[in-house]
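Everything below belongs to coords11.pdb, which stores PDB, C-alpha atoms.
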ATOM      1  CA  MET A   1       5.072 -13.197  36.506
ATOM      2  CA  ALA A   2       5.359 -12.244  32.837
ATOM      3  CA  SER A   3       2.222 -11.534  30.852
ATOM      4  CA  PRO A   4       1.368 -14.074  28.132
ATOM      5  CA  LEU A   5       1.906 -13.010  24.542
ATOM      6  CA  VAL A   6      -1.253 -12.222  22.552
ATOM      7  CA  SER A   7      -1.211 -12.462  18.758
ATOM      8  CA  VAL A   8      -3.649 -10.047  17.139
ATOM      9  CA  ILE A   9      -4.747 -10.667  13.546
ATOM     10  CA  ILE A  10      -6.232  -7.900  11.388
ATOM     11  CA  PRO A  11      -7.402  -8.982   7.912
ATOM     12  CA  VAL A  12      -7.784  -6.056   5.528
ATOM     13  CA  TYR A  13      -8.762  -5.335   1.944
ATOM     14  CA  ASN A  14      -8.945  -1.797   0.523
ATOM     15  CA  ARG A  15      -9.668  -0.062   3.830
ATOM     16  CA  PHE A  16      -6.624   2.079   4.539
ATOM     17  CA  GLU A  17      -8.294   4.776   6.654
ATOM     18  CA  LEU A  18     -10.490   2.398   8.654
ATOM     19  CA  ALA A  19      -7.667  -0.101   9.110
ATOM     20  CA  LYS A  20      -5.315   2.643  10.290
ATOM     21  CA  GLU A  21      -7.783   3.440  13.080
ATOM     22  CA  ALA A  22      -8.220  -0.258  13.895
ATOM     23  CA  VAL A  23      -4.457  -0.749  14.171
ATOM     24  CA  SER A  24      -4.162   2.301  16.423
ATOM     25  CA  SER A  25      -6.824   0.847  18.733
ATOM     26  CA  VAL A  26      -4.674  -2.277  19.121
ATOM     27  CA  LEU A  27      -1.412  -0.440  19.703
ATOM     28  CA  GLY A  28      -3.165   1.747  22.273
ATOM     29  CA  GLN A  29      -4.154  -1.203  24.460
ATOM     30  CA  THR A  30      -3.236  -1.032  28.122
ATOM     31  CA  PHE A  31      -2.080  -4.649  27.689
ATOM     32  CA  ARG A  32       1.276  -4.268  25.963
ATOM     33  CA  ASN A  33       2.627  -7.804  25.394
ATOM     34  CA  LEU A  34       1.215  -8.337  21.942
ATOM     35  CA  GLU A  35       2.203  -8.876  18.355
ATOM     36  CA  LEU A  36       0.007  -7.418  15.637
ATOM     37  CA  ILE A  37      -0.166  -9.257  12.325
ATOM     38  CA  ILE A  38      -1.819  -7.277   9.519
ATOM     39  CA  VAL A  39      -2.794  -9.551   6.633
ATOM     40  CA  ASP A  40      -3.469  -7.588   3.448
ATOM     41  CA  ASP A  41      -5.684  -9.564   1.062
ATOM     42  CA  GLY A  42      -4.147  -8.039  -2.068
ATOM     43  CA  SER A  43      -5.405  -4.473  -1.607
ATOM     44  CA  THR A  44      -5.299  -2.093  -4.571
ATOM     45  CA  ASP A  45      -5.703   1.146  -2.616
ATOM     46  CA  MET A  46      -3.354   2.784  -0.093
ATOM     47  CA  THR A  47      -3.611  -0.114   2.387
ATOM     48  CA  PRO A  48      -0.011  -1.352   1.776
ATOM     49  CA  ILE A  49       1.198   1.950   3.263
ATOM     50  CA  LEU A  50       0.259   0.437   6.643
ATOM     51  CA  ALA A  51       3.527  -1.490   6.416
ATOM     52  CA  THR A  52       5.499   1.739   6.729
ATOM     53  CA  TYR A  53       2.959   3.866   8.598
ATOM     54  CA  PHE A  54       3.447   1.795  11.779
ATOM     55  CA  ARG A  55       7.045   0.733  11.164
ATOM     56  CA  ASP A  56       8.308   2.386  14.361
ATOM     57  CA  ASP A  57       6.356  -0.109  16.496
ATOM     58  CA  THR A  58       8.291  -3.388  16.472
ATOM     59  CA  ARG A  59       5.164  -5.311  17.479
ATOM     60  CA  VAL A  60       3.636  -4.787  14.024
ATOM     61  CA  LYS A  61       4.097  -7.283  11.197
ATOM     62  CA  TYR A  62       2.608  -6.758   7.711
ATOM     63  CA  ILE A  63       1.867  -9.681   5.385
ATOM     64  CA  ARG A  64       0.538  -9.293   1.845
ATOM     65  CA  ILE A  65      -1.153 -12.174   0.023
ATOM     66  CA  ASN A  66      -2.870 -12.607  -3.325
ATOM     67  CA  HIS A  67      -6.511 -11.549  -3.171
ATOM     68  CA  SER A  68      -8.834 -14.335  -2.000
ATOM     69  CA  GLY A  69     -11.966 -12.519  -0.861
ATOM     70  CA  MET A  70     -12.346 -15.094   1.912
ATOM     71  CA  PRO A  71     -12.069 -13.616   5.441
ATOM     72  CA  GLY A  72     -11.392 -16.988   7.044
ATOM     73  CA  PHE A  73      -8.523 -17.711   4.679
ATOM     74  CA  VAL A  74      -6.979 -14.317   5.393
ATOM     75  CA  ARG A  75      -7.257 -14.732   9.188
ATOM     76  CA  ASN A  76      -5.806 -18.247   9.008
ATOM     77  CA  LYS A  77      -2.812 -16.913   7.078
ATOM     78  CA  GLY A  78      -2.096 -14.590   9.982
ATOM     79  CA  VAL A  79      -2.385 -17.395  12.504
ATOM     80  CA  GLU A  80       0.255 -19.392  10.620
ATOM     81  CA  THR A  81       2.932 -16.996  11.891
ATOM     82  CA  ALA A  82       1.373 -16.247  15.293
ATOM     83  CA  LYS A  83       3.553 -16.933  18.345
ATOM     84  CA  GLY A  84       1.190 -15.967  21.165
ATOM     85  CA  LYS A  85      -0.472 -18.094  23.813
ATOM     86  CA  TYR A  86      -3.701 -16.360  22.867
ATOM     87  CA  LEU A  87      -5.212 -15.193  19.591
ATOM     88  CA  ALA A  88      -7.413 -12.169  19.033
ATOM     89  CA  PHE A  89      -9.022 -11.006  15.801
ATOM     90  CA  LEU A  90     -10.008  -7.492  14.824
ATOM     91  CA  ASP A  91     -11.904  -6.757  11.628
ATOM     92  CA  SER A  92     -10.382  -3.766   9.889
ATOM     93  CA  ASP A  93     -13.550  -1.672  10.238
ATOM     94  CA  ASP A  94     -13.933  -2.278  13.999
ATOM     95  CA  LEU A  95     -12.277  -0.672  17.016
ATOM     96  CA  TRP A  96     -11.225  -1.921  20.458
ATOM     97  CA  MET A  97     -11.633  -0.097  23.742
ATOM     98  CA  ASP A  98      -8.188   0.310  25.322
ATOM     99  CA  SER A  99      -8.864  -2.179  28.156
ATOM    100  CA  LYS A 100     -10.195  -4.964  25.912
ATOM    101  CA  LEU A 101      -7.201  -7.294  25.910
ATOM    102  CA  LYS A 102      -6.279  -6.666  29.551
ATOM    103  CA  LYS A 103      -9.719  -7.677  30.791
ATOM    104  CA  GLN A 104      -9.854 -10.745  28.585
ATOM    105  CA  VAL A 105      -6.357 -11.979  29.414
ATOM    106  CA  ASP A 106      -7.101 -11.558  33.122
ATOM    107  CA  PHE A 107     -10.334 -13.520  32.671
ATOM    108  CA  LEU A 108      -8.692 -16.497  30.950
ATOM    109  CA  GLU A 109      -5.683 -16.551  33.262
ATOM    110  CA  LYS A 110      -8.053 -16.733  36.262
ATOM    111  CA  ASN A 111     -10.413 -19.302  34.690
ATOM    112  CA  SER A 112      -8.178 -22.113  33.476
ATOM    113  CA  ALA A 113     -11.097 -24.367  32.472
ATOM    114  CA  ILE A 114     -12.248 -21.797  29.894
ATOM    115  CA  LYS A 115     -10.267 -21.381  26.695
ATOM    116  CA  VAL A 116     -12.204 -18.659  24.907
ATOM    117  CA  VAL A 117     -13.885 -15.454  26.030
ATOM    118  CA  HIS A 118     -15.868 -12.838  24.128
ATOM    119  CA  THR A 119     -17.461  -9.510  25.014
ATOM    120  CA  ARG A 120     -20.444  -7.338  24.248
ATOM    121  CA  GLU A 121     -20.265  -5.009  21.220
ATOM    122  CA  ALA A 122     -21.339  -1.408  20.681
ATOM    123  CA  TRP A 123     -22.891  -1.149  17.211
ATOM    124  CA  VAL A 124     -22.616   2.144  15.350
ATOM    125  CA  ARG A 125     -24.172   2.850  11.936
ATOM    126  CA  ASN A 126     -23.520   6.185  10.237
ATOM    127  CA  GLY A 127     -22.480   7.685  13.569
ATOM    128  CA  LYS A 128     -25.583   6.497  15.447
ATOM    129  CA  THR A 129     -25.566   3.802  18.145
ATOM    130  CA  ILE A 130     -27.805   0.813  17.347
ATOM    131  CA  SER A 131     -29.702  -0.640  20.308
ATOM    132  CA  GLN A 132     -29.142  -4.335  21.087
ATOM    133  CA  ALA A 133     -31.893  -4.488  23.704
ATOM    134  CA  GLY A 134     -33.706  -7.228  21.798
ATOM    135  CA  PHE A 135     -30.716  -9.606  21.734
ATOM    136  CA  ASN A 136     -31.608 -12.089  24.474
ATOM    137  CA  HIS A 137     -29.526 -15.086  23.406
ATOM    138  CA  ARG A 138     -27.302 -16.988  25.827
ATOM    139  CA  ARG A 139     -23.765 -15.603  25.748
ATOM    140  CA  PHE A 140     -21.765 -17.814  28.151
ATOM    141  CA  GLY A 141     -21.406 -21.448  29.164
ATOM    142  CA  ASP A 142     -23.183 -23.841  26.800
ATOM    143  CA  ILE A 143     -24.330 -21.496  24.030
ATOM    144  CA  PHE A 144     -24.721 -24.089  21.270
ATOM    145  CA  SER A 145     -28.506 -23.961  20.897
ATOM    146  CA  ASP A 146     -28.514 -20.171  20.645
ATOM    147  CA  ALA A 147     -25.505 -20.153  18.311
ATOM    148  CA  LEU A 148     -27.385 -22.393  15.865
ATOM    149  CA  GLU A 149     -29.894 -19.679  15.050
ATOM    150  CA  LYS A 150     -27.400 -16.971  14.143
ATOM    151  CA  CYS A 151     -23.853 -15.809  14.769
ATOM    152  CA  ILE A 152     -23.808 -14.627  18.389
ATOM    153  CA  ILE A 153     -20.063 -14.107  18.762
ATOM    154  CA  GLY A 154     -18.372 -11.261  16.907
ATOM    155  CA  PRO A 155     -14.895 -12.162  15.601
ATOM    156  CA  SER A 156     -13.512  -8.868  16.907
ATOM    157  CA  THR A 157     -14.681  -9.712  20.442
ATOM    158  CA  VAL A 158     -12.840 -13.020  20.838
ATOM    159  CA  LEU A 159      -9.742 -14.035  22.762
ATOM    160  CA  ILE A 160      -8.980 -17.739  22.332
ATOM    161  CA  GLU A 161      -6.135 -20.084  23.248
ATOM    162  CA  THR A 162      -3.988 -20.580  20.168
ATOM    163  CA  THR A 163      -3.744 -24.336  20.742
ATOM    164  CA  LEU A 164      -7.541 -24.678  20.716
ATOM    165  CA  TYR A 165      -7.883 -22.598  17.561
ATOM    166  CA  ARG A 166      -5.346 -24.788  15.797
ATOM    167  CA  GLU A 167      -7.045 -27.953  17.039
ATOM    168  CA  LEU A 168     -10.245 -26.662  15.426
ATOM    169  CA  ARG A 169      -8.243 -25.873  12.251
ATOM    170  CA  GLY A 170      -9.440 -22.295  12.303
ATOM    171  CA  PHE A 171     -12.020 -20.676  10.081
ATOM    172  CA  ARG A 172     -13.324 -22.374   6.967
ATOM    173  CA  ASP A 173     -11.456 -20.707   4.137
ATOM    174  CA  ASP A 174     -14.065 -21.304   1.411
ATOM    175  CA  LEU A 175     -16.979 -19.326   2.875
ATOM    176  CA  GLU A 176     -17.221 -15.675   1.880
ATOM    177  CA  ILE A 177     -19.714 -15.011   4.701
ATOM    178  CA  ALA A 178     -20.735 -16.877   7.891
ATOM    179  CA  GLU A 179     -17.296 -18.418   8.339
ATOM    180  CA  ASP A 180     -17.484 -17.099  11.904
ATOM    181  CA  TYR A 181     -20.927 -18.669  12.479
ATOM    182  CA  GLU A 182     -19.532 -22.031  11.340
ATOM    183  CA  LEU A 183     -16.429 -21.865  13.550
ATOM    184  CA  TRP A 184     -18.342 -20.869  16.680
ATOM    185  CA  LEU A 185     -20.636 -23.864  16.208
ATOM    186  CA  ARG A 186     -17.643 -26.195  16.142
ATOM    187  CA  LEU A 187     -16.211 -24.398  19.151
ATOM    188  CA  ALA A 188     -19.449 -24.409  21.173
ATOM    189  CA  ASN A 189     -20.087 -28.085  20.503
ATOM    190  CA  SER A 190     -17.549 -29.111  23.132
ATOM    191  CA  ASN A 191     -16.358 -25.958  24.910
ATOM    192  CA  SER A 192     -17.773 -23.723  27.610
ATOM    193  CA  ILE A 193     -17.694 -20.093  26.482
ATOM    194  CA  GLY A 194     -16.537 -17.224  28.690
ATOM    195  CA  TYR A 195     -18.136 -13.809  28.481
ATOM    196  CA  ILE A 196     -17.437 -10.279  29.726
ATOM    197  CA  ASP A 197     -20.687  -8.316  29.848
ATOM    198  CA  GLU A 198     -19.163  -5.046  28.731
ATOM    199  CA  ALA A 199     -19.006  -3.357  25.319
ATOM    200  CA  LEU A 200     -15.277  -3.483  24.616
ATOM    201  CA  ILE A 201     -15.702  -3.349  20.828
ATOM    202  CA  THR A 202     -17.092  -0.684  18.530
ATOM    203  CA  LYS A 203     -18.656  -2.334  15.491
ATOM    204  CA  ARG A 204     -18.873   0.144  12.627
ATOM    205  CA  ALA A 205     -21.615  -0.790  10.168
ATOM    206  CA  GLY A 206     -23.148   0.600   7.012
ATOM    207  CA  HIS A 207     -20.069   1.585   5.015
ATOM    208  CA  VAL A 208     -18.976   0.541   1.527
ATOM    209  CA  GLY A 209     -17.168  -2.785   1.268
ATOM    210  CA  GLN A 210     -18.974  -4.789   3.950
ATOM    211  CA  LEU A 211     -19.925  -8.252   2.723
ATOM    212  CA  SER A 212     -23.227  -8.153   4.611
ATOM    213  CA  GLU A 213     -24.099  -5.006   2.650
ATOM    214  CA  LYS A 214     -23.004  -6.663  -0.601
ATOM    215  CA  TYR A 215     -25.481  -9.539  -0.381
ATOM    216  CA  GLY A 216     -28.326  -8.080   1.664
ATOM    217  CA  GLN A 217     -29.125 -11.429   3.291
ATOM    218  CA  ILE A 218     -26.635 -14.046   4.447
ATOM    219  CA  GLU A 219     -28.792 -17.019   5.476
ATOM    220  CA  ILE A 220     -27.693 -19.110   2.494
ATOM    221  CA  PHE A 221     -24.104 -18.898   3.770
ATOM    222  CA  ARG A 222     -25.184 -20.107   7.218
ATOM    223  CA  ILE A 223     -27.002 -22.984   5.534
ATOM    224  CA  ARG A 224     -23.861 -23.961   3.631
ATOM    225  CA  GLY A 225     -21.730 -23.847   6.768
ATOM    226  CA  LEU A 226     -24.207 -25.788   8.888
ATOM    227  CA  GLN A 227     -25.047 -28.326   6.189
ATOM    228  CA  LYS A 228     -21.490 -29.569   5.862
ATOM    229  CA  LEU A 229     -21.163 -30.047   9.628
ATOM    230  CA  VAL A 230     -24.499 -31.872   9.809
ATOM    231  CA  GLU A 231     -23.591 -34.172   6.922
ATOM    232  CA  GLN A 232     -20.283 -34.960   8.637
ATOM    233  CA  SER A 233     -22.166 -35.781  11.892
ATOM    234  CA  PHE A 234     -19.676 -33.417  13.503
ATOM    235  CA  PHE A 235     -21.656 -32.678  16.667
ATOM    236  CA  ASN A 236     -22.334 -34.735  19.769
ATOM    237  CA  LEU A 237     -25.592 -36.698  19.801
ATOM    238  CA  LYS A 238     -27.796 -34.014  21.379
ATOM    239  CA  ASN A 239     -26.323 -31.160  19.371
ATOM    240  CA  GLN A 240     -26.462 -33.134  16.126
ATOM    241  CA  LYS A 241     -30.229 -33.543  16.363
ATOM    242  CA  ASN A 242     -30.732 -29.878  17.203
ATOM    243  CA  ALA A 243     -28.451 -28.925  14.309
ATOM    244  CA  GLU A 244     -30.475 -31.059  11.879
ATOM    245  CA  LEU A 245     -33.735 -29.446  12.991
ATOM    246  CA  GLU A 246     -32.260 -25.949  12.685
ATOM    247  CA  LEU A 247     -30.888 -26.749   9.230
ATOM    248  CA  ALA A 248     -34.356 -27.946   8.176
ATOM    249  CA  LYS A 249     -35.900 -24.727   9.513
ATOM    250  CA  LYS A 250     -33.388 -22.519   7.712
ATOM    251  CA  CYS A 251     -33.906 -24.434   4.458
ATOM    252  CA  ARG A 252     -37.705 -24.092   4.679
ATOM    253  CA  ILE A 253     -37.480 -20.341   5.222
ATOM    254  CA  TYR A 254     -34.913 -19.907   2.463
ATOM    255  CA  ALA A 255     -36.968 -22.050   0.047
ATOM    256  CA  ALA A 256     -40.049 -19.917   0.679
ATOM    257  CA  GLY A 257     -38.019 -16.827  -0.213
ATOM    258  CA  CYS A 258     -36.777 -18.501  -3.380
ATOM    259  CA  ARG A 259     -40.342 -19.254  -4.484
ATOM    260  CA  LYS A 260     -41.305 -15.623  -3.972
ATOM    261  CA  ARG A 261     -38.413 -14.648  -6.246
ATOM    262  CA  ASN A 262     -39.422 -17.352  -8.746
ATOM    263  CA  LYS A 263     -36.229 -19.354  -8.181
ATOM    264  CA  ILE A 264     -38.118 -22.642  -8.336
ATOM    265  CA  GLU A 265     -35.203 -25.042  -8.816
ATOM    266  CA  GLU A 266     -33.313 -23.565  -5.854
ATOM    267  CA  ALA A 267     -36.488 -23.668  -3.771
ATOM    268  CA  GLU A 268     -37.010 -27.355  -4.533
ATOM    269  CA  ILE A 269     -33.424 -28.196  -3.551
ATOM    270  CA  HIS A 270     -33.831 -26.587  -0.155
ATOM    271  CA  GLU A 271     -37.326 -28.006   0.366
ATOM    272  CA  SER A 272     -35.815 -31.431  -0.174
ATOM    273  CA  LEU A 273     -33.099 -30.719   2.372
ATOM    274  CA  ALA A 274     -35.711 -29.476   4.844
ATOM    275  CA  ALA A 275     -37.691 -32.698   4.481
ATOM    276  CA  LYS A 276     -34.547 -34.808   4.894
ATOM    277  CA  TYR A 277     -33.491 -33.210   8.166
ATOM    278  CA  SER A 278     -36.951 -32.720   9.694
ATOM    279  CA  LYS A 279     -37.207 -36.432  10.512
TER     280      LYS A 279
END
Just dump the structure as structure tokens.
Amino acid sequence: MASPLVSVIIPVYNRFELAKEAVSSVLGQTFRNLELIIVDDGSTDMTPILATYFRDDTRVKYIRINHSGMPGFVRNKGVETAKGKYLAFLDSDDLWMDSKLKKQVDFLEKNSAIKVVHTREAWVRNGKTISQAGFNHRRFGDIFSDALEKCIIGPSTVLIETTLYRELRGFRDDLEIAEDYELWLRLANSNSIGYIDEALITKRAGHVGQLSEKYGQIEIFRIRGLQKLVEQSFFNLKNQKNAELELAKKCRIYAAGCRKRNKIEEAEIHESLAAKYSK
């Protein structure tokens, strides 16, 4: 029985050296039936050389687009040309262990009721491993309540059925940060999540160019993603109420921070939102 095709999407912007290593970690997978779609978000460094650097591997496709700065938009562009039964995403500064895809494909092929599976990550900052011992959130099954608080699925860890991803219409393409948080909430609202309790991803943090480093805090982006879903009444009845309460909590905390920074108008806006959704 032939292995299903997996479409791997790597979005990249001005990260030639890191992206080269990321691409190599995909091409070195023990699972071989894949296509790799590199989507270059208008890089101005050596990144376009990737198109020729890996030209001897026919599985690699390079797409260049005008710079958007929106990770979700870039990933969605890659999905437009994807032909695989499954989709996988790899951020250009992350790496896969060589058995990552094999273990995930086997998992989904054996568990037909589950359409998405993720894995544990190994976090490395400046060459040092960061402990995740304090991360006690739920990782499989119904993870919605835990996913409300923060993003608990790393994009680079996911393998998802292409049909489901397209039904969800992919990542929001107008969020610079937390586009993954927003998508996983929509996913978890009505899908059971599979999980492999093994670090099959190396997450490299702390280098120049990371959006999380650019802004310092990202809670306002989570608020924006969650607020739109709440206002659309996107979730089922139980999840909708929990989402409203979490949105109110996030707005209260963010408003308090705004007051400390003397951003009174912004604080009042989020205090009003908190009051609205606390009821």
### Query
Please, what distance in Å, to one decimal, runs between atom CA of A:Leu229 and atom CA of A:Asn242?
12.2 Å
## Note on the structure
The distance between atom CA of A:Gln104 and atom CA of A:Leu164 is 16.2 Å
### Message
Using Å and a single decimal, report how far atom CA of A:Arg32 sits from atom CA of A:Ser3.
### Response
8.8 Å
#### Entry: Chain and number of each residue from the PyMOL selection byres ((chain A and resi 29) around 10), as a list in words
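With the shown file as input, the PyMOL selection byres ((chain A and resi 29) around 10) matches Ser24, Ser25, Val26, Leu27, Gly28, Thr30, Phe31, Arg32, Asn33, Leu34, Trp96, Met97, Asp98, Ser99, Lys100, Leu101 and Lys102 of chain A.
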### Query
For A:Val116, which of A:Gly194, A:Gly141, A:Gly72, A:Gly225 is the closest residue, counting all atoms listed in the file?
A:Gly194
### Message
With distances taken over only C-alpha atoms, which residue among A:Ala122, A:Leu237, A:Ala178, A:Ile65 lies nearest A:Glu198?
### Response
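Under the stated criterion, the closest residue is A:Ala122.
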#### Entry: Residue nearest A:Leu87 - candidates A:Thr157, A:Gln240, A:Asn111, A:Thr47, atoms counted: only C-alpha atoms
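Closest to A:Leu87 of all the choices is A:Thr157.
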### Task
Tell me which of A:Asp45, A:Glu161, A:Asp142, A:Glu179 sits closest to A:Val6, counting all atoms listed in the file.
A:Glu161
### Task
Would you mind listing what lies within 8 Å of stretch 145-153 of chain A as a PyMOL selection string, with all atoms listed in the file counted and same-chain residues fewer than 5 positions away left out?
chain A and resi 118+137-139+158+178+180-181+184-185+188+222+239+242-243+246
Written selection (C-alpha atoms) as a compact mmCIF listing (two decimals), in the coordinates of the input:
# COMPACT_ATOMS: atom_id res chain seq x y z
CA HIS A 118 -15.87 -12.84 24.13
CA HIS A 137 -29.53 -15.09 23.41
CA ARG A 138 -27.30 -16.99 25.83
CA ARG A 139 -23.76 -15.60 25.75
CA VAL A 158 -12.84 -13.02 20.84
CA ALA A 178 -20.74 -16.88 7.89
CA ASP A 180 -17.48 -17.10 11.90
CA TYR A 181 -20.93 -18.67 12.48
CA TRP A 184 -18.34 -20.87 16.68
CA LEU A 185 -20.64 -23.86 16.21
CA ALA A 188 -19.45 -24.41 21.17
CA ARG A 222 -25.18 -20.11 7.22
CA ASN A 239 -26.32 -31.16 19.37
CA ASN A 242 -30.73 -29.88 17.20
CA ALA A 243 -28.45 -28.92 14.31
CA GLU A 246 -32.26 -25.95 12.68
### Query
Can you list, as a PyMOL selection string, the residues that the PyMOL selection byres ((chain A and resi 89) around 10) selects here?
chain A and resi 7-11+36-37+75+78-79+87-88+90-92+154-160
### Message
Taking all atoms listed in the file into account, name the residue in A:Thr44, A:Leu187, A:Ser192, A:Leu50 that is nearest to A:Ile114.
### Response
A:Ser192
### Hits of the PyMOL selection byres ((chain A and resi 76) around 10) in this structure, as a PyMOL selection string
chain A and resi 9+11+39+71-75+77-82+165-166+169-173
Box centre and edge lengths (Å, one decimal), axis-aligned, stretch 30-34 of chain A plus 5 Å each side, as lines of an AutoDock Vina configuration file:
center_x = -0.3
center_y = -4.7
center_z = 25.0
size_x = 15.9
size_y = 17.3
size_z = 16.2
### Pick from A:Asp93, A:Lys241, A:Asp41, A:Lys128 nearest to A:Ala19, counting all atoms listed in the file
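That would be A:Asp93, the residue with the smallest distance to A:Ala19.
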### Query
For the point (-35.4, -28.2, -4.0) in file coordinates, what residues are within 12 Å, counting all atoms listed in the file? Give the answer as an NGL selection string?
:A and (251-252 or 254-256 or 258-259 or 263-276)
Neighbour list for A:Thr119 as a PDB file with C-alpha atoms, in the frame of the given file, cut-off 7 Å, only C-alpha atoms, skip fewer than 5 positions in-chain:
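And here is the file that came out, selection00.pdb:
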ATOM      1  CA  THR A 157     -14.681  -9.712  20.442  1.00  0.00           C
ATOM      2  CA  TYR A 195     -18.136 -13.809  28.481  1.00  0.00           C
ATOM      3  CA  ILE A 196     -17.437 -10.279  29.726  1.00  0.00           C
ATOM      4  CA  ASP A 197     -20.687  -8.316  29.848  1.00  0.00           C
ATOM      5  CA  GLU A 198     -19.163  -5.046  28.731  1.00  0.00           C
ATOM      6  CA  ALA A 199     -19.006  -3.357  25.319  1.00  0.00           C
ATOM      7  CA  LEU A 200     -15.277  -3.483  24.616  1.00  0.00           C
TER       8      LEU A 200
END
